[in-house]
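What's in final.cif: mmCIF, C-alpha atoms
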```cif
data_data
loop_
_atom_site.group_PDB
_atom_site.id
_atom_site.type_symbol
_atom_site.label_atom_id
_atom_site.label_comp_id
_atom_site.auth_asym_id
_atom_site.auth_seq_id
_atom_site.Cartn_x
_atom_site.Cartn_y
_atom_site.Cartn_z
ATOM 1 C CA MET H 1 67.542 372.133 246.516
ATOM 2 C CA ALA H 2 70.858 370.301 246.925
ATOM 3 C CA ASN H 3 69.047 366.950 246.867
ATOM 4 C CA SER H 4 67.232 367.980 243.639
ATOM 5 C CA LEU H 5 70.551 368.832 241.975
ATOM 6 C CA VAL H 6 72.019 365.515 243.057
ATOM 7 C CA SER H 7 69.028 363.648 241.623
ATOM 8 C CA LEU H 8 69.483 365.442 238.290
ATOM 9 C CA LEU H 9 73.152 364.504 237.951
ATOM 10 C CA PRO H 10 72.542 361.029 236.454
ATOM 11 C CA ILE H 11 70.243 362.575 233.816
ATOM 12 C CA PHE H 12 72.861 365.232 233.036
ATOM 13 C CA HIS H 13 75.554 362.602 232.615
ATOM 14 C CA LEU H 14 73.276 360.568 230.342
ATOM 15 C CA LEU H 15 72.664 363.602 228.130
ATOM 16 C CA VAL H 16 76.394 364.283 227.926
ATOM 17 C CA LEU H 17 77.039 360.680 226.909
ATOM 18 C CA LEU H 18 74.305 360.787 224.291
ATOM 19 C CA GLY H 19 75.678 364.032 222.897
ATOM 20 C CA SER H 20 79.178 362.599 222.777
ATOM 21 C CA SER H 21 77.869 359.506 221.046
ATOM 22 C CA VAL H 22 76.181 361.569 218.337
ATOM 23 C CA ASN H 23 79.241 363.774 217.801
ATOM 24 C CA ALA H 24 81.503 360.722 217.663
ATOM 25 C CA TYR H 25 79.831 359.693 214.402
ATOM 26 C CA TRP H 26 80.004 363.061 212.672
ATOM 27 C CA PRO H 27 83.202 364.489 211.152
ATOM 28 C CA PRO H 28 84.804 367.567 212.696
ATOM 29 C CA SER H 29 84.267 370.878 210.931
ATOM 30 C CA PRO H 30 86.629 371.417 207.985
ATOM 31 C CA GLY H 31 86.582 375.157 208.701
ATOM 32 C CA TYR H 32 86.332 376.016 204.997
ATOM 33 C CA TRP H 33 83.462 375.447 202.560
ATOM 34 C CA PRO H 34 84.588 375.585 198.907
ATOM 35 C CA SER H 35 81.072 375.000 197.562
ATOM 36 C CA SER H 36 80.052 378.394 198.962
ATOM 37 C CA LYS H 37 82.650 380.044 196.703
ATOM 38 C CA VAL H 38 81.068 378.604 193.554
ATOM 39 C CA GLY H 39 77.745 379.697 192.116
ATOM 40 C CA SER H 40 75.144 377.197 190.933
ATOM 41 C CA LEU H 41 74.752 376.517 187.238
ATOM 42 C CA ASN H 42 71.472 376.278 185.345
ATOM 43 C CA PHE H 43 71.287 372.715 184.101
ATOM 44 C CA TYR H 44 70.137 373.641 180.605
ATOM 45 C CA LYS H 45 72.950 376.186 180.217
ATOM 46 C CA GLY H 46 75.723 373.935 181.423
ATOM 47 C CA PHE H 47 74.684 370.418 180.376
ATOM 48 C CA ARG H 48 73.017 368.374 177.673
ATOM 49 C CA ASN H 49 71.428 364.962 177.579
ATOM 50 C CA LEU H 50 73.890 362.219 176.685
ATOM 51 C CA TRP H 51 71.560 359.215 176.550
ATOM 52 C CA GLY H 52 68.139 358.118 177.739
ATOM 53 C CA PRO H 53 66.361 361.481 177.220
ATOM 54 C CA GLN H 54 63.005 359.854 177.988
ATOM 55 C CA HIS H 55 64.438 358.966 181.422
ATOM 56 C CA GLN H 56 65.199 362.549 182.497
ATOM 57 C CA ARG H 57 62.811 365.057 184.035
ATOM 58 C CA MET H 58 63.420 368.551 185.417
ATOM 59 C CA ASP H 59 61.118 369.715 188.203
ATOM 60 C CA GLN H 60 61.675 372.802 190.391
ATOM 61 C CA ASN H 61 65.401 373.011 189.564
ATOM 62 C CA ALA H 62 65.967 369.329 190.394
ATOM 63 C CA LEU H 63 66.820 366.825 187.679
ATOM 64 C CA THR H 64 65.485 363.290 188.129
ATOM 65 C CA ILE H 65 67.054 360.502 186.093
ATOM 66 C CA TRP H 66 65.974 356.885 186.268
ATOM 67 C CA LEU H 67 66.754 353.362 185.217
ATOM 68 C CA ASP H 68 64.201 350.756 184.255
ATOM 69 C CA ARG H 69 64.293 347.588 182.207
ATOM 70 C CA THR H 70 64.430 349.587 178.953
ATOM 71 C CA SER H 71 67.134 352.175 179.672
ATOM 72 C CA GLY H 72 69.100 354.283 182.083
ATOM 73 C CA SER H 73 70.107 357.887 181.513
ATOM 74 C CA GLY H 74 73.075 360.235 181.505
ATOM 75 C CA PHE H 75 74.043 363.873 180.992
ATOM 76 C CA LYS H 76 77.240 365.708 180.066
ATOM 77 C CA SER H 77 78.642 369.206 180.488
ATOM 78 C CA VAL H 78 78.682 371.377 177.385
ATOM 79 C CA LYS H 79 82.282 372.457 177.975
ATOM 80 C CA PRO H 80 85.423 370.407 178.561
ATOM 81 C CA PHE H 81 87.630 371.569 181.433
ATOM 82 C CA ARG H 82 91.324 371.229 182.170
ATOM 83 C CA SER H 83 90.785 371.966 185.879
ATOM 84 C CA GLY H 84 88.008 373.157 188.179
ATOM 85 C CA TYR H 85 85.403 372.510 190.856
ATOM 86 C CA PHE H 86 82.629 370.095 189.870
ATOM 87 C CA GLY H 87 79.719 369.185 192.105
ATOM 88 C CA ALA H 88 76.035 368.499 192.555
ATOM 89 C CA SER H 89 73.631 367.877 195.404
ATOM 90 C CA ILE H 90 72.261 364.353 195.027
ATOM 91 C CA LYS H 91 69.484 362.376 196.699
ATOM 92 C CA LEU H 92 69.471 358.607 196.291
ATOM 93 C CA GLN H 93 66.625 356.097 196.231
ATOM 94 C CA PRO H 94 65.993 354.015 199.371
ATOM 95 C CA GLY H 95 65.246 350.301 199.403
ATOM 96 C CA TYR H 96 66.599 347.671 197.037
ATOM 97 C CA THR H 97 68.987 349.243 194.508
ATOM 98 C CA ALA H 98 71.494 346.399 194.079
ATOM 99 C CA GLY H 99 73.372 346.448 190.790
ATOM 100 C CA VAL H 100 72.527 350.108 190.133
ATOM 101 C CA ILE H 101 75.209 352.803 189.833
ATOM 102 C CA THR H 102 74.429 356.488 190.363
ATOM 103 C CA SER H 103 77.407 358.631 189.418
ATOM 104 C CA LEU H 104 79.021 362.034 189.061
ATOM 105 C CA TYR H 105 82.337 361.919 187.249
ATOM 106 C CA LEU H 106 84.904 363.541 184.970
ATOM 107 C CA SER H 107 85.977 361.769 181.784
ATOM 108 C CA ASN H 108 87.376 362.229 178.290
ATOM 109 C CA ASN H 109 86.322 358.813 177.036
ATOM 110 C CA GLU H 110 84.567 360.227 173.981
ATOM 111 C CA ALA H 111 87.660 362.209 172.977
ATOM 112 C CA HIS H 112 90.102 359.364 173.697
ATOM 113 C CA PRO H 113 88.249 356.030 173.334
ATOM 114 C CA GLY H 114 90.381 353.170 174.584
ATOM 115 C CA PHE H 115 92.882 355.564 176.139
ATOM 116 C CA HIS H 116 90.878 357.805 178.423
ATOM 117 C CA ASP H 117 91.159 359.474 181.844
ATOM 118 C CA GLU H 118 88.402 359.408 184.455
ATOM 119 C CA VAL H 119 87.716 360.638 187.997
ATOM 120 C CA ASP H 120 84.676 359.023 189.619
ATOM 121 C CA ILE H 121 82.188 359.491 192.399
ATOM 122 C CA GLU H 122 79.936 356.423 192.262
ATOM 123 C CA PHE H 123 77.185 355.254 194.589
ATOM 124 C CA LEU H 124 77.076 351.472 194.613
ATOM 125 C CA GLY H 125 73.549 350.156 194.902
ATOM 126 C CA THR H 126 72.587 348.102 197.913
ATOM 127 C CA THR H 127 70.083 345.646 199.385
ATOM 128 C CA PHE H 128 67.396 346.175 202.027
ATOM 129 C CA GLY H 129 68.760 347.364 205.357
ATOM 130 C CA LYS H 130 72.341 347.927 204.159
ATOM 131 C CA PRO H 131 73.915 351.363 203.655
ATOM 132 C CA TYR H 132 75.135 352.730 200.342
ATOM 133 C CA THR H 133 78.838 352.627 199.552
ATOM 134 C CA LEU H 134 80.404 355.701 197.957
ATOM 135 C CA GLN H 135 83.270 354.735 195.670
ATOM 136 C CA THR H 136 85.921 357.172 194.447
ATOM 137 C CA ASN H 137 88.207 356.170 191.611
ATOM 138 C CA VAL H 138 90.866 357.527 189.262
ATOM 139 C CA TYR H 139 91.857 356.145 185.851
ATOM 140 C CA ILE H 140 94.765 357.480 183.806
ATOM 141 C CA ARG H 141 95.283 357.121 180.046
ATOM 142 C CA GLY H 142 93.404 353.967 179.334
ATOM 143 C CA SER H 143 93.741 352.190 182.641
ATOM 144 C CA GLY H 144 89.963 351.899 182.608
ATOM 145 C CA ASP H 145 89.917 350.431 179.077
ATOM 146 C CA GLY H 146 90.992 346.823 178.806
ATOM 147 C CA LYS H 147 93.674 346.967 181.524
ATOM 148 C CA ILE H 148 91.551 347.699 184.545
ATOM 149 C CA ILE H 149 93.872 349.475 186.952
ATOM 150 C CA GLY H 150 91.477 351.168 189.338
ATOM 151 C CA ARG H 151 92.463 353.353 192.248
ATOM 152 C CA GLU H 152 89.392 352.797 194.364
ATOM 153 C CA MET H 153 88.723 354.134 197.818
ATOM 154 C CA LYS H 154 85.309 353.249 199.232
ATOM 155 C CA PHE H 155 83.403 354.881 202.073
ATOM 156 C CA ARG H 156 80.244 354.424 204.119
ATOM 157 C CA LEU H 157 78.608 357.788 204.695
ATOM 158 C CA TRP H 158 77.913 359.238 208.134
ATOM 159 C CA PHE H 159 74.332 360.140 207.119
ATOM 160 C CA ASP H 160 71.460 358.607 205.165
ATOM 161 C CA PRO H 161 71.929 359.763 201.528
ATOM 162 C CA THR H 162 68.327 358.812 200.707
ATOM 163 C CA SER H 163 66.650 361.139 203.221
ATOM 164 C CA ASP H 164 67.852 364.465 201.775
ATOM 165 C CA PHE H 165 70.164 366.107 199.275
ATOM 166 C CA HIS H 166 73.891 366.178 200.095
ATOM 167 C CA HIS H 167 76.615 367.878 198.093
ATOM 168 C CA TYR H 168 79.296 365.764 196.390
ATOM 169 C CA ALA H 169 82.202 367.345 194.552
ATOM 170 C CA ILE H 170 85.530 366.851 192.801
ATOM 171 C CA LEU H 171 88.220 369.544 192.917
ATOM 172 C CA TRP H 172 90.734 368.870 190.134
ATOM 173 C CA ASN H 173 93.756 370.990 189.398
ATOM 174 C CA PRO H 174 97.230 370.228 187.950
ATOM 175 C CA ARG H 175 98.576 369.330 191.414
ATOM 176 C CA GLU H 176 95.837 367.260 193.059
ATOM 177 C CA ILE H 177 92.344 365.792 193.020
ATOM 178 C CA ILE H 178 90.227 366.237 196.149
ATOM 179 C CA PHE H 179 86.897 364.464 196.690
ATOM 180 C CA LEU H 180 84.452 366.259 198.996
ATOM 181 C CA VAL H 181 81.147 365.385 200.669
ATOM 182 C CA ASP H 182 79.261 368.374 202.088
ATOM 183 C CA ASP H 183 82.575 370.295 201.842
ATOM 184 C CA ILE H 184 84.397 367.708 203.958
ATOM 185 C CA PRO H 185 87.437 366.325 202.117
ATOM 186 C CA ILE H 186 87.300 362.527 202.118
ATOM 187 C CA ARG H 187 90.234 361.827 199.800
ATOM 188 C CA ARG H 188 93.206 363.671 198.335
ATOM 189 C CA TYR H 189 94.966 362.217 195.295
ATOM 190 C CA PRO H 190 98.144 364.245 194.676
ATOM 191 C CA LYS H 191 100.095 364.336 191.435
ATOM 192 C CA LYS H 192 103.201 362.254 192.044
ATOM 193 C CA SER H 193 104.099 361.781 188.381
ATOM 194 C CA ALA H 194 102.661 362.565 184.953
ATOM 195 C CA ALA H 195 102.141 358.821 184.455
ATOM 196 C CA THR H 196 99.739 358.537 187.410
ATOM 197 C CA PHE H 197 97.719 361.763 187.077
ATOM 198 C CA PRO H 198 95.052 362.912 184.567
ATOM 199 C CA LEU H 199 96.111 366.109 182.805
ATOM 200 C CA ARG H 200 94.024 366.169 179.588
ATOM 201 C CA PRO H 201 90.700 368.082 179.411
ATOM 202 C CA MET H 202 87.620 366.264 180.709
ATOM 203 C CA TRP H 203 83.856 366.778 180.715
ATOM 204 C CA LEU H 204 81.568 366.431 183.753
ATOM 205 C CA TYR H 205 78.995 363.621 183.559
ATOM 206 C CA GLY H 206 76.168 362.190 185.630
ATOM 207 C CA SER H 207 74.396 358.897 185.027
ATOM 208 C CA ILE H 208 72.354 355.994 186.356
ATOM 209 C CA TRP H 209 72.900 352.537 184.863
ATOM 210 C CA ASP H 210 72.873 348.789 185.441
ATOM 211 C CA ALA H 211 76.255 347.467 186.635
ATOM 212 C CA SER H 212 74.961 344.179 188.039
ATOM 213 C CA SER H 213 78.168 342.347 187.169
ATOM 214 C CA TRP H 214 80.156 344.178 189.883
ATOM 215 C CA ALA H 215 78.311 347.009 191.650
ATOM 216 C CA THR H 216 76.939 345.297 194.767
ATOM 217 C CA GLU H 217 79.221 343.006 196.755
ATOM 218 C CA ASN H 218 81.242 342.242 193.596
ATOM 219 C CA GLY H 219 78.174 341.207 191.642
ATOM 220 C CA LYS H 220 76.609 338.943 194.258
ATOM 221 C CA TYR H 221 73.337 340.906 194.101
ATOM 222 C CA LYS H 222 71.895 341.994 190.732
ATOM 223 C CA ALA H 223 69.441 344.675 189.672
ATOM 224 C CA ASP H 224 65.907 343.402 190.296
ATOM 225 C CA TYR H 225 63.475 345.189 187.990
ATOM 226 C CA LYS H 226 60.438 344.372 190.064
ATOM 227 C CA TYR H 227 61.634 347.429 192.055
ATOM 228 C CA GLN H 228 61.907 349.682 188.988
ATOM 229 C CA PRO H 229 62.187 352.529 188.295
ATOM 230 C CA PHE H 230 65.442 353.244 190.131
ATOM 231 C CA THR H 231 65.757 357.006 190.488
ATOM 232 C CA ALA H 232 68.342 359.616 191.438
ATOM 233 C CA LYS H 233 67.799 363.333 191.915
ATOM 234 C CA TYR H 234 70.406 366.033 191.195
ATOM 235 C CA THR H 235 70.311 369.749 191.928
ATOM 236 C CA ASN H 236 72.657 372.635 192.764
ATOM 237 C CA PHE H 237 74.972 371.897 189.843
ATOM 238 C CA LYS H 238 78.429 373.435 189.986
ATOM 239 C CA ALA H 239 81.039 373.341 187.221
ATOM 240 C CA ILE H 240 83.572 376.136 187.116
ATOM 241 C CA GLY H 241 87.248 376.412 186.319
ATOM 242 C CA CYS H 242 89.655 376.607 183.414
ATOM 243 C CA THR H 243 87.986 375.243 180.289
ATOM 244 C CA ALA H 244 89.891 373.699 177.425
ATOM 245 C CA TYR H 245 89.490 377.061 175.689
ATOM 246 C CA SER H 246 90.674 379.305 178.552
ATOM 247 C CA SER H 247 93.881 381.267 178.200
ATOM 248 C CA ALA H 248 97.086 380.018 179.793
ATOM 249 C CA ARG H 249 96.642 382.735 182.418
ATOM 250 C CA CYS H 250 93.568 380.988 183.889
ATOM 251 C CA HIS H 251 94.479 380.113 187.475
ATOM 252 C CA PRO H 252 93.329 376.688 188.747
ATOM 253 C CA LEU H 253 90.959 376.614 191.714
ATOM 254 C CA SER H 254 91.849 375.342 195.172
ATOM 255 C CA ALA H 255 89.820 373.361 197.721
ATOM 256 C CA SER H 256 91.249 375.507 200.524
ATOM 257 C CA PRO H 257 91.956 379.194 201.197
ATOM 258 C CA TYR H 258 95.491 378.541 199.945
ATOM 259 C CA ARG H 259 95.754 379.771 196.374
ATOM 260 C CA SER H 260 98.553 377.276 195.774
ATOM 261 C CA GLY H 261 96.273 374.338 196.675
ATOM 262 C CA GLY H 262 96.465 371.697 199.368
ATOM 263 C CA LEU H 263 94.310 371.542 202.495
ATOM 264 C CA THR H 264 94.298 373.396 205.797
ATOM 265 C CA ARG H 265 95.082 371.673 209.084
ATOM 266 C CA LYS H 266 91.366 371.487 209.941
ATOM 267 C CA GLN H 267 90.546 370.037 206.527
ATOM 268 C CA TYR H 268 93.223 367.370 206.996
ATOM 269 C CA GLN H 269 91.798 366.570 210.425
ATOM 270 C CA ALA H 270 88.309 366.148 208.972
ATOM 271 C CA MET H 271 89.657 363.952 206.152
ATOM 272 C CA ARG H 272 91.621 361.765 208.569
ATOM 273 C CA TRP H 273 88.476 361.356 210.690
ATOM 274 C CA VAL H 274 86.479 360.157 207.669
ATOM 275 C CA GLN H 275 89.218 357.798 206.529
ATOM 276 C CA THR H 276 89.591 356.395 210.045
ATOM 277 C CA HIS H 277 85.884 355.897 210.740
ATOM 278 C CA ASN H 278 84.199 355.507 207.331
ATOM 279 C CA MET H 279 86.666 354.125 204.800
ATOM 280 C CA VAL H 280 85.914 350.488 203.961
ATOM 281 C CA TYR H 281 88.425 349.912 201.124
ATOM 282 C CA ASN H 282 91.770 351.439 200.113
ATOM 283 C CA TYR H 283 93.405 350.102 196.954
ATOM 284 C CA CYS H 284 96.874 350.908 198.299
ATOM 285 C CA LYS H 285 96.315 348.490 201.191
ATOM 286 C CA ASP H 286 94.915 345.631 199.111
ATOM 287 C CA TYR H 287 97.566 342.895 199.168
ATOM 288 C CA LYS H 288 95.895 341.179 196.179
ATOM 289 C CA ARG H 289 96.676 344.131 193.889
ATOM 290 C CA ASP H 290 99.751 344.240 191.653
ATOM 291 C CA HIS H 291 101.477 347.251 193.174
ATOM 292 C CA SER H 292 103.800 347.619 190.182
ATOM 293 C CA LEU H 293 100.726 348.953 188.366
ATOM 294 C CA ILE H 294 99.970 351.518 191.088
ATOM 295 C CA PRO H 295 103.427 352.963 191.819
ATOM 296 C CA GLU H 296 102.011 355.965 193.686
ATOM 297 C CA CYS H 297 101.098 353.666 196.583
ATOM 298 C CA GLY H 298 104.724 352.960 197.357
ATOM 299 C CA ARG H 299 105.683 356.584 197.864
#
```
Starting from the file, give its structure as structure tokens.
Amino acid sequence: MANSLVSLLPIFHLLVLLGSSVNAYWPPSPGYWPSSKVGSLNFYKGFRNLWGPQHQRMDQNALTIWLDRTSGSGFKSVKPFRSGYFGASIKLQPGYTAGVITSLYLSNNEAHPGFHDEVDIEFLGTTFGKPYTLQTNVYIRGSGDGKIIGREMKFRLWFDPTSDFHHYAILWNPREIIFLVDDIPIRRYPKKSAATFPLRPMWLYGSIWDASSWATENGKYKADYKYQPFTAKYTNFKAIGCTAYSSARCHPLSASPYRSGGLTRKQYQAMRWVQTHNMVYNYCKDYKRDHSLIPECGR
């Protein structure tokens, strides 16, 4: 019996190592799941087509939008919000998607053309055998119009976003913007001044479009329409908060159990893990950027 146990020890150690290896590539639990506090929204009650209606299809509560040589497609929330939780579960297309952007974002571009605010989650298309990059970005009062002053942070995901739906969300309130993936905070953008934070009402959008000039390795690889159509699937839509029409008593939502906002210790630990292991670009650490245009990085 003792000899049998001894002979099993190498196998036991191998299993432990394999388990540790798997866990090493998965973020720690955030301990709090804000998406579970927000009910799902019927697409037709909360959104309308913005463009490319012939490139949208609803099937079993999942919206498919696609890009081909003739058009892409986009949708927009019916209501503008001044704060809230905004999310959707998204499944991306595998294979060659270079030059193609799939997005979920907040914007007021139609209300303030040439002087708008925007908060982005964008999936940058890729080539065969390479993972998707998730880009987060924030524009304030026209910094995305003419004077391109982006605040990009880019991540490689710890799972395959083409194999199943995963939930992506933006929590925006007057104090902070928090980007979440499956309820794990990946980025917190705090308000450090009114000049570097979006405060005007925005709508929630989703879209798929051709951004060949920059989307994949800074435009090195373009959209190749022999692989069309390029598709993206959205479900489990969430958009709740203080609308532009809510009373002043409407209390902004939080990404944590703290009513005042911020993150818990476990949420910060999960976010630090993601930024340590999965962040591939941080605009604040890009020496080529003019840091006078991004003053929040120096604080």
Do a neighbour search on Ala270 in chain H at 7 Å with only C-alpha atoms, toss out local chain neighbours closer than 5 positions, and write the hits as an MDAnalysis selection string.
chainID H and resid 27:30 184:185
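Selection check: the PyMOL selection byres ((chain H and resi 231-236) around 6) on the shown file gives Ser40, Ala62, Leu63, Thr64, Ile65, Trp66, Ala88, Ser89, Ile90, Lys91, Leu92, Gln93, Phe230 and Phe237 of chain H.
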I need the chosen residues saved as a PDB file, keeping the file's coordinate frame, with C-alpha atoms.
```pdb
ATOM      1  CA  SER H  40      75.144 377.197 190.933  1.00  0.00           C
ATOM      2  CA  ALA H  62      65.967 369.329 190.394  1.00  0.00           C
ATOM      3  CA  LEU H  63      66.820 366.825 187.679  1.00  0.00           C
ATOM      4  CA  THR H  64      65.485 363.290 188.129  1.00  0.00           C
ATOM      5  CA  ILE H  65      67.054 360.502 186.093  1.00  0.00           C
ATOM      6  CA  TRP H  66      65.974 356.885 186.268  1.00  0.00           C
ATOM      7  CA  ALA H  88      76.035 368.499 192.555  1.00  0.00           C
ATOM      8  CA  SER H  89      73.631 367.877 195.404  1.00  0.00           C
ATOM      9  CA  ILE H  90      72.261 364.353 195.027  1.00  0.00           C
ATOM     10  CA  LYS H  91      69.484 362.376 196.699  1.00  0.00           C
ATOM     11  CA  LEU H  92      69.471 358.607 196.291  1.00  0.00           C
ATOM     12  CA  GLN H  93      66.625 356.097 196.231  1.00  0.00           C
ATOM     13  CA  PHE H 230      65.442 353.244 190.131  1.00  0.00           C
ATOM     14  CA  PHE H 237      74.972 371.897 189.843  1.00  0.00           C
TER      15      PHE H 237
END
```
Explicit residues for the PyMOL selection byres ((chain H and resi 193-205) around 10) (as a ChimeraX atom specification):
/H:46-50,74-83,86-87,103-112,116-120,138-141,143,170,172-177,189-192,206-207,238-239,242-245,293-296
On this structure, which residues satisfy the PyMOL selection byres ((chain H and resi 128) around 7), written as a ChimeraX atom specification?
/H:95-96,126-127,129-130
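Going from CA of Val280 in chain H to CA of Pro131 in chain H covers 12.0 Å.
Minimum atom-to-atom distances from H:Trp209, H:Gly150, H:Thr97, H:Asn137 to His55 in chain H were compared using all atoms listed in the file, and the lowest value belongs to H:Trp209.
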Taking 5 positions as the minimum chain separation for residues in the same chain, which residues sit within 12 Å of range 216-219 of chain H when counting all atoms listed in the file? Answer as a PyMOL selection string.
chain H and resi 96-101+122-127+130-135+210-211
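Going from CA of Leu253 in chain H to CA of Leu171 in chain H covers 7.7 Å.
The coordinates place CA of Phe159 in chain H at 23.7 Å from CA of Pro229 in chain H.
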As a ChimeraX atom specification, please: the residues near Asn278 in chain H (cut-off 9 Å, all atoms listed in the file, same-chain neighbours under 2 positions excluded).
/H:154-158,273-276,280
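Closest approach to Thr136 in chain H among H:Asn282, H:Gly241, H:Asp290, H:Ala248 is made by H:Asn282 (distances from only C-alpha atoms).
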For range 189-208 of chain H, take all atoms listed in the file, fit an axis-aligned box around them, add 8 Å to each of the six sides, then output centre and edge lengths in Å rounded to one decimal, as AutoDock Vina command-line options.
```
--center_x 88.2 --center_y 362.0 --center_z 187.4 --size_x 47.7 --size_y 28.1 --size_z 31.9
```
